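One structure is given below, encoded as structure tokens.
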Amino acid sequence: MKGRWVKIGAVLIVLGGLVWLSGQLRLGLQVQAQSPASDQPAGRDSAAAPSTDRTALATSAAASEDEKTFQQRVMPLLRKYCFECHQGEKAKGGLSLDVYVSESHARKDRKNWQAVQHVLASGDMPPKSKPQPSRVEREFLIQWIENTLTKVDCNGPRDPGRVTLRRLNRAEYNNTIRDLCGVDLKPADEFPSDDVGYGFDNIGDVLSFQPILLEKYMAAADKVLTAALSLPEAPKVSRQSYRPQNINTIPRSAKSREPVRIVFTSEGSAYLERFNFPAEGEYAIRFRGWGSNVGGEFPKIAVRVDGRDVGSHTVDAPQGKARVYETRVRLPAGEKRVAIAFTNAFTDKQANKSREFGLELLEIEGPFQAKLPPEPPSIRLLLVARPSGNSPQEARAAAEKVLAHFARRAFRRPVQPEEVQRLMHLYDLAVQQGETFPQALKLPMKAVLVSPHFLFRIEQDPPNPDDVRQLNDFELATRLSYFLWSSMPDDELFQLAEKGQLRQPGVLEAQVRRMLRDPKAKALSENFAGQWLQLRNLQTLQPDKGLFPAWDEALRQAMIREAELYFEHIVQNDRSILEFLDSNYTFVNGRLARHYGIPNVQGLEFVKVTLPDNRRGGVITMGSTLTVTSNPTRTSPVKRGKWILENILGTPPPPPAPDAPELPPVSQLKGTLRQQMEQHRQNPSCAVCHAKLDPLGFGLENFDAIGAWRTVDNKQPIDASGVLPGGETFNGPAQLRQVLLAKADQFRRCFAEKLLTYALGRGLEYYDKCAVDEIVAASKANGDRFSALVIAIVKSDPFQKRKGKRSE
């Protein structure tokens, strides 16, 4: 029968997918509970449309003037100052400017021109060793790029962008199954790895759908529903027997070896150290034994469970004719110590004879009249209705309520009556096959779990290309929950969405703060911080144990946990995001404290500590960051500088030149690594980029390749000073952090862009500039508190709205 269900499920996937795809071709799904305002496209105003002829003439004239400026003023400057390095297949930094043959062509590649604008404004380009443009020429190029290619009108209609239809990634799938079905099985751990784009694995453009995922989804649905719909059953009565060789004794001398037997002549006990009673119920504890009458008494035996007497017997059966003695007792479930204790030992000294108790068998049978174990949370979560009798009509009505509730939560929106009826047909099919009520629900629930409406986060497109629509409350609730929890909305979000109250004054802000305090916000540290800080990369790094013997698995996991706890502390306590740059505290256990040289911390538990000096502070000087930006055999100032430029300052360097030479192995290095890097930087093809990268990395050279503090490198004192291209100077990690704090505006923007990218599931575009500006300003105005940044993101146009598919 199982094979039949699998085949039916496969058909369901194919048919469901075809129906869904055809719906997408008709521009979307019919979603209930959508407010009238959500249906109105923004950014188009037919009443204000000018005359077609006049518009065409004006557009043509403007385009002609722009092209004239490009050909007569821009291109000559590019040829004079830029083409020497940036043309052809071997263009430095991968940027070839000679390919832009017209202004309209240049306009299509705004990201490259934004980079050109940045290096011109900072003075990084042209290199100091090359001819320099005059101040007027430089300002003209910067203004031309700004006004012609990258300028965005923040006062006019805005483009919120369009998030590609995307499936749940592995973390989102696991968390959604947990919250939907009440079982934490993590089935997606068996799925293929998710691709990464823009630094994160929740980006719609790269979340491909591999054929093997169909099989994985089917298997996962079976596994999840089998566990979630398992009703507790009374355990069957079983009997377990133990012979002397399997029984412990006190004193040990009571147990002889050959043949194995137990005979007590002094007080003692035969016992089972841990016997598992599977459920609460009545158990029969039996033993077969014999005894000798000495001093006018037979042996008295106490039956004990966890040291408590539950029965007593006088063993009067003679040796050779042993009898079975039984005690019945009601016991709770769990592992317990069971003992048969001899309590009245006696020796007749005149007759030189001792009272004996012989034990031949110990047996436990049960449970009788067992108490059913409590229903698991998954049953209470899924079976929101149950039939009270045996009527098929009553069972069907209950099933309809269960499936409608399940599908609504799984699809994260109201379900249509016809959707529920399709699920009920599957329930009827299962009932016809003789399945009981909960088992008959598995087939339609499996259809839900393999539906595109569950596996994908679907948002309705506006009716016309290039139109903009506001997300309805269910779509907004879904974006919010997957942003902060990497999971589906909870009941409170669903209720607010159903009532259309999510956008009422103060409601969205209150929900953000509630969600950030919830334990499920740990997903932010695991999935956002885990990728921003590259903690996932640390899981696979293998520093050279010969050079760094202190490295082990415990240290690796401690480094990861430190960064997660630090991030969670800032989130849940609503601290300033500038504490990512510097602070006087961190979180360590005994292992990490020894590595950092922090005294008075022992054991496995992590504690918040005040740092004893200014060597460390913030994420830059954490062991995780320092290790993930090193090579297996040595530090890497280049990697560390690049990490700061990309993740702190938001100014990633261009890729290295194809002919850039490698540093020699550690064994061949002479002098400090810094001295070797300075020799390397003398290469003209390397100098420009390394002038930005190396000083930042040199400031962290007091930390070795696994983040331990050091003062010498290759037996020579470390020089941790640096001079940035802008003239800022520092010496050591403490002063470097102060330099970075002085660039707080750059960090605010960088962090906001990364968090917005993660929240949206798409890369940012030039038209997102206005939203980013407003997000950064709102965060700064509210003390840079983490919640202020999140609230500004969820209230922004890119998060609240969606643009239709662009017309080409």
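Ordering of the structure tokens sets the chain letters (A, B, ...); residue numbers start at 1 within each chain; ligands are numbered from 1 in the order shown.
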Worksheet item: What's the 8 Å shell around A:Ala477, counting only C-alpha atoms, without same-chain residues fewer than 4 positions away, as a list in words?
Response: Asp473, Ser481, Pro489, Leu493, Phe494, Ala497 and Leu502 of chain A
How would the residues just chosen look if you wrote them out with C-alpha atoms as an mmCIF file, in the first residue's frame?
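Once everything was written out, this is again14.cif:
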```cif
data_model
loop_
_atom_site.group_PDB
_atom_site.id
_atom_site.type_symbol
_atom_site.label_atom_id
_atom_site.label_comp_id
_atom_site.auth_asym_id
_atom_site.auth_seq_id
_atom_site.Cartn_x
_atom_site.Cartn_y
_atom_site.Cartn_z
ATOM 1 C CA ASP A 473 -0.998 41.387 4.985
ATOM 2 C CA SER A 481 8.663 35.845 9.750
ATOM 3 C CA PRO A 489 4.321 33.176 10.671
ATOM 4 C CA LEU A 493 0.896 37.155 12.889
ATOM 5 C CA PHE A 494 -1.741 35.084 11.090
ATOM 6 C CA ALA A 497 -3.054 39.426 8.808
ATOM 7 C CA LEU A 502 -0.652 44.410 10.511
#
```
Practice prompt. Taking the chain letters and numbering used in this document, name the residues of stretch 251-500 of chain A that DSSP puts in alpha helix (DSSP H), as a ChimeraX atom specification.
Written response: /A:377-382,392-411,417-432,437-440,442-449,452-455,473-484,491-499
Worksheet item: Which polymer residues have any atom within 10 Å of an atom of A:Leu649, counting only C-alpha atoms, with same-chain residues fewer than 2 positions away left out, as a PyMOL selection string?
Response: chain A and resi 642-647+651-652+740+743-751
Please dump the current selection as a short mmCIF file (atom, residue, chain, number, x, y, z; two decimals), in the first residue's frame; keep N, CA and C atoms.
```cif
data_model
loop_
_atom_site.label_atom_id
_atom_site.label_comp_id
_atom_site.auth_asym_id
_atom_site.auth_seq_id
_atom_site.Cartn_x
_atom_site.Cartn_y
_atom_site.Cartn_z
N LYS A 642 40.63 42.46 3.29
CA LYS A 642 39.50 42.28 2.37
C LYS A 642 38.21 42.06 3.15
N TRP A 643 38.29 41.27 4.22
CA TRP A 643 37.10 41.00 5.03
C TRP A 643 36.55 42.29 5.62
N ILE A 644 37.43 43.16 6.11
CA ILE A 644 36.99 44.43 6.69
C ILE A 644 36.38 45.33 5.61
N LEU A 645 37.02 45.39 4.45
CA LEU A 645 36.49 46.22 3.37
C LEU A 645 35.11 45.74 2.94
N GLU A 646 34.92 44.43 2.85
CA GLU A 646 33.66 43.88 2.36
C GLU A 646 32.57 43.90 3.41
N ASN A 647 32.90 43.53 4.64
CA ASN A 647 31.87 43.28 5.65
C ASN A 647 31.70 44.39 6.68
N THR A 651 33.18 48.40 0.98
CA THR A 651 33.94 48.84 -0.20
C THR A 651 34.82 47.68 -0.68
N PRO A 652 34.22 46.63 -1.22
CA PRO A 652 35.02 45.47 -1.62
C PRO A 652 36.04 45.82 -2.69
N LEU A 740 37.99 52.51 12.66
CA LEU A 740 36.77 52.00 12.04
C LEU A 740 35.53 52.65 12.66
N LYS A 743 34.60 55.68 11.08
CA LYS A 743 33.94 55.46 9.80
C LYS A 743 32.58 54.80 10.02
N ALA A 744 31.92 55.17 11.13
CA ALA A 744 30.67 54.53 11.52
C ALA A 744 29.60 54.64 10.44
N ASP A 745 29.57 55.77 9.72
CA ASP A 745 28.55 55.91 8.67
C ASP A 745 28.72 54.86 7.58
N GLN A 746 29.96 54.55 7.24
CA GLN A 746 30.20 53.50 6.25
C GLN A 746 29.72 52.15 6.76
N PHE A 747 30.00 51.87 8.04
CA PHE A 747 29.54 50.60 8.60
C PHE A 747 28.02 50.54 8.66
N ARG A 748 27.39 51.64 9.07
CA ARG A 748 25.92 51.66 9.12
C ARG A 748 25.34 51.28 7.76
N ARG A 749 25.89 51.87 6.72
CA ARG A 749 25.36 51.61 5.39
C ARG A 749 25.66 50.17 4.96
N CYS A 750 26.89 49.73 5.21
CA CYS A 750 27.27 48.37 4.84
C CYS A 750 26.38 47.34 5.54
N PHE A 751 26.20 47.51 6.86
CA PHE A 751 25.40 46.56 7.62
C PHE A 751 23.94 46.60 7.19
#
```
Worksheet entry | Point-to-point distance from atom CA of A:Val776 to atom CA of A:Ser796, Å rounded to tenths | 11.2 Å
Practice prompt. Excluding A:Gln87 and any residue of its chain fewer than 5 positions from it, enumerate the residues within 12 Å of it, using only C-alpha atoms, and give them as a list in words.
Written response: Leu78, Arg79, Tyr81, Cys82, Lys92, Gly93, Gly94, Leu95, Ser96, Leu97, Asp98, Val99 and Tyr100 of chain A
Worksheet entry | Which of A:Val507, A:Ile775, A:Leu626, A:Ala529 sits closest to A:Tyr758 [using only C-alpha atoms] | A:Ala529
Worksheet item: What's the 10 Å shell around stretch 136-147 of chain A, counting only C-alpha atoms, without same-chain residues fewer than 5 positions away, as a ChimeraX atom specification?
Response: /A:66,69-70,73-74,77-78,106-107,110,113-114,116-121,123,152
Just to be explicit: take each residue in the selection above, keep C-alpha atoms, and write the result as a JSON list (two decimals), in the first residue's frame.
```json
[["chain", "number", "residue", "atom", "x", "y", "z"],
["A", 66, "ASP", "CA", 23.55, 62.84, -23.59],
["A", 69, "THR", "CA", 28.40, 64.58, -24.01],
["A", 70, "PHE", "CA", 29.49, 60.98, -23.70],
["A", 73, "ARG", "CA", 33.71, 64.87, -23.20],
["A", 74, "VAL", "CA", 33.57, 61.57, -21.30],
["A", 77, "LEU", "CA", 38.95, 61.61, -20.45],
["A", 78, "LEU", "CA", 38.59, 57.84, -20.13],
["A", 106, "ALA", "CA", 26.95, 52.61, -20.22],
["A", 107, "ARG", "CA", 23.56, 53.23, -18.62],
["A", 110, "ARG", "CA", 25.28, 51.07, -13.46],
["A", 113, "TRP", "CA", 29.99, 52.95, -13.02],
["A", 114, "GLN", "CA", 29.14, 53.26, -9.33],
["A", 116, "VAL", "CA", 34.23, 54.04, -10.99],
["A", 117, "GLN", "CA", 32.50, 56.96, -9.28],
["A", 118, "HIS", "CA", 33.63, 55.72, -5.86],
["A", 119, "VAL", "CA", 37.34, 55.33, -6.73],
["A", 120, "LEU", "CA", 37.39, 58.69, -8.51],
["A", 121, "ALA", "CA", 35.81, 60.43, -5.52],
["A", 123, "GLY", "CA", 41.23, 59.53, -5.10],
["A", 152, "VAL", "CA", 17.86, 58.21, -8.38]]
```
What are the nearest atom pairs, with distances in Å to one decimal, for all residues of stretch 353-417 of chain A that come at most 10 Å from stretch 179-199 of chain A, using only C-alpha atoms, set out by chain and rising residue number as a tab-separated table?
```
residue	atom	partner	partner_atom	distance
A:Pro376	CA	A:Gly182	CA	8.5
A:Pro377	CA	A:Gly182	CA	6.1
A:Ser378	CA	A:Gly182	CA	4.3
A:Ile379	CA	A:Gly182	CA	8.0
A:Arg380	CA	A:Gly182	CA	8.9
A:Leu381	CA	A:Gly182	CA	6.7
A:Leu382	CA	A:Cys181	CA	6.6
A:Phe406	CA	A:Leu180	CA	7.9
A:Ala407	CA	A:Leu180	CA	9.8
A:Arg409	CA	A:Leu180	CA	7.0
A:Ala410	CA	A:Leu180	CA	6.7
```
Worksheet item: Separation of atom CA of A:Leu756 and atom CA of A:Gly623, in Å?
Response: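 A separation of 26.6 Å between them.
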Discussion item. Neighbouring residues of A:Glu605 were defined as those with any atom within 12 Å, considering only C-alpha atoms; residues of the same chain fewer than 4 positions away were excluded. Please report them as a PyMOL selection string.
Written reply: chain A and resi 558+561-562+565+587-593+601
Let's have the selection written as a short mmCIF file (atom, residue, chain, number, x, y, z; two decimals), in the first residue's frame, with all heavy atoms.
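part02.cif, written as the output of this step:
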```cif
data_model
loop_
_atom_site.label_atom_id
_atom_site.label_comp_id
_atom_site.auth_asym_id
_atom_site.auth_seq_id
_atom_site.Cartn_x
_atom_site.Cartn_y
_atom_site.Cartn_z
N ALA A 558 33.77 26.53 20.11
CA ALA A 558 33.71 27.65 21.05
C ALA A 558 33.77 28.98 20.32
O ALA A 558 33.07 29.94 20.68
CB ALA A 558 34.85 27.54 22.06
N ARG A 561 30.38 29.59 18.73
CA ARG A 561 29.35 29.92 19.74
C ARG A 561 29.56 31.32 20.30
O ARG A 561 28.59 32.03 20.60
CB ARG A 561 29.38 28.88 20.86
CG ARG A 561 28.19 28.98 21.80
CD ARG A 561 26.90 28.70 21.06
NE ARG A 561 25.74 28.93 21.89
CZ ARG A 561 24.65 29.57 21.48
NH1 ARG A 561 24.58 30.04 20.24
NH2 ARG A 561 23.62 29.73 22.28
N GLU A 562 30.80 31.74 20.47
CA GLU A 562 31.06 33.10 20.95
C GLU A 562 30.42 34.13 20.02
O GLU A 562 29.71 35.05 20.48
CB GLU A 562 32.56 33.37 21.02
CG GLU A 562 32.89 34.82 21.39
CD GLU A 562 34.32 35.23 21.06
OE1 GLU A 562 34.95 34.57 20.21
OE2 GLU A 562 34.80 36.21 21.64
N LEU A 565 26.52 33.99 20.27
CA LEU A 565 26.02 34.58 21.51
C LEU A 565 26.17 36.10 21.52
O LEU A 565 25.30 36.83 22.02
CB LEU A 565 26.75 33.96 22.71
CG LEU A 565 26.36 32.53 23.06
CD1 LEU A 565 27.30 31.97 24.13
CD2 LEU A 565 24.92 32.45 23.55
N PHE A 587 31.73 36.67 25.09
CA PHE A 587 31.21 35.46 25.72
C PHE A 587 32.21 34.33 25.52
O PHE A 587 32.62 34.05 24.39
CB PHE A 587 29.85 35.09 25.12
CG PHE A 587 28.78 36.11 25.37
CD1 PHE A 587 28.68 37.25 24.58
CD2 PHE A 587 27.90 35.95 26.42
CE1 PHE A 587 27.71 38.20 24.82
CE2 PHE A 587 26.92 36.90 26.68
CZ PHE A 587 26.82 38.03 25.88
N VAL A 588 32.61 33.69 26.62
CA VAL A 588 33.61 32.62 26.54
C VAL A 588 33.24 31.48 27.47
O VAL A 588 32.53 31.66 28.45
CB VAL A 588 35.02 33.14 26.91
CG1 VAL A 588 35.52 34.17 25.92
CG2 VAL A 588 35.04 33.72 28.32
N ASN A 589 33.73 30.28 27.11
CA ASN A 589 33.74 29.17 28.07
C ASN A 589 35.19 28.94 28.49
O ASN A 589 36.09 29.71 28.12
CB ASN A 589 33.11 27.92 27.46
CG ASN A 589 33.87 27.40 26.26
OD1 ASN A 589 34.89 27.97 25.84
ND2 ASN A 589 33.41 26.30 25.70
N GLY A 590 35.42 27.89 29.26
CA GLY A 590 36.78 27.65 29.75
C GLY A 590 37.79 27.48 28.64
O GLY A 590 38.91 28.02 28.71
N ARG A 591 37.41 26.76 27.58
CA ARG A 591 38.34 26.50 26.48
C ARG A 591 38.73 27.78 25.76
O ARG A 591 39.90 28.03 25.48
CB ARG A 591 37.71 25.50 25.49
CG ARG A 591 38.59 25.16 24.30
CD ARG A 591 39.78 24.32 24.75
NE ARG A 591 40.70 24.06 23.66
CZ ARG A 591 41.67 24.89 23.30
NH1 ARG A 591 41.86 26.03 23.97
NH2 ARG A 591 42.48 24.58 22.31
N LEU A 592 37.76 28.61 25.44
CA LEU A 592 38.05 29.85 24.72
C LEU A 592 38.75 30.87 25.62
O LEU A 592 39.60 31.63 25.15
CB LEU A 592 36.76 30.43 24.15
CG LEU A 592 36.91 31.57 23.14
CD1 LEU A 592 37.73 31.12 21.94
CD2 LEU A 592 35.54 32.07 22.68
N ALA A 593 38.39 30.87 26.91
CA ALA A 593 39.05 31.80 27.84
C ALA A 593 40.54 31.52 27.92
O ALA A 593 41.36 32.45 27.95
CB ALA A 593 38.40 31.69 29.22
N VAL A 601 37.68 31.61 34.28
CA VAL A 601 36.53 31.02 33.57
C VAL A 601 36.83 29.54 33.38
O VAL A 601 37.85 29.18 32.78
CB VAL A 601 36.27 31.69 32.21
CG1 VAL A 601 35.08 31.04 31.53
CG2 VAL A 601 36.02 33.18 32.39
#
```
Practice prompt. Write out as a list in words the residues lying within 12 Å of A:Pro235, counting only C-alpha atoms and excluding same-chain residues fewer than 3 positions away.
Written response: Pro232, Ser238, Phe277, Pro278, Ala279, Glu280, Gly281, Glu282, Ala333, Glu365, Gly366, Pro367, Phe368, Gln369, Ala370, Lys371, Leu372 and Pro373 of chain A
Discussion item. So that I can check the secondary structure, give me every residue of stretch 364-420 of chain A assigned strand (DSSP E or B) by backbone DSSP, as a list in words.
Written reply: Ile364, Glu365, Gly366, Pro367 and Phe368 of chain A
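Across the structure, atom CA of A:Lys545 and atom CA of A:Asp694 are spaced 26.3 Å apart.
Minimum atom-to-atom distance to A:Tyr596, evaluated using only C-alpha atoms, belongs to A:Ile706 out of A:Ile706, A:Met75, A:Leu700, A:Leu547.
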Item to complete: Point out the residue among A:Leu229, A:Arg575, A:Ala759, A:Met559 with the least atom-to-atom distance to A:Lys446, counting only C-alpha atoms.
Response: A:Leu229
Item to complete: Would you please work out which residue, of A:Thr327, A:Gln539, A:Thr757, A:Gln421, is nearest to A:Val310 when using only C-alpha atoms?
Response: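 Using only C-alpha atoms, A:Val310 sits closest to A:Thr327.
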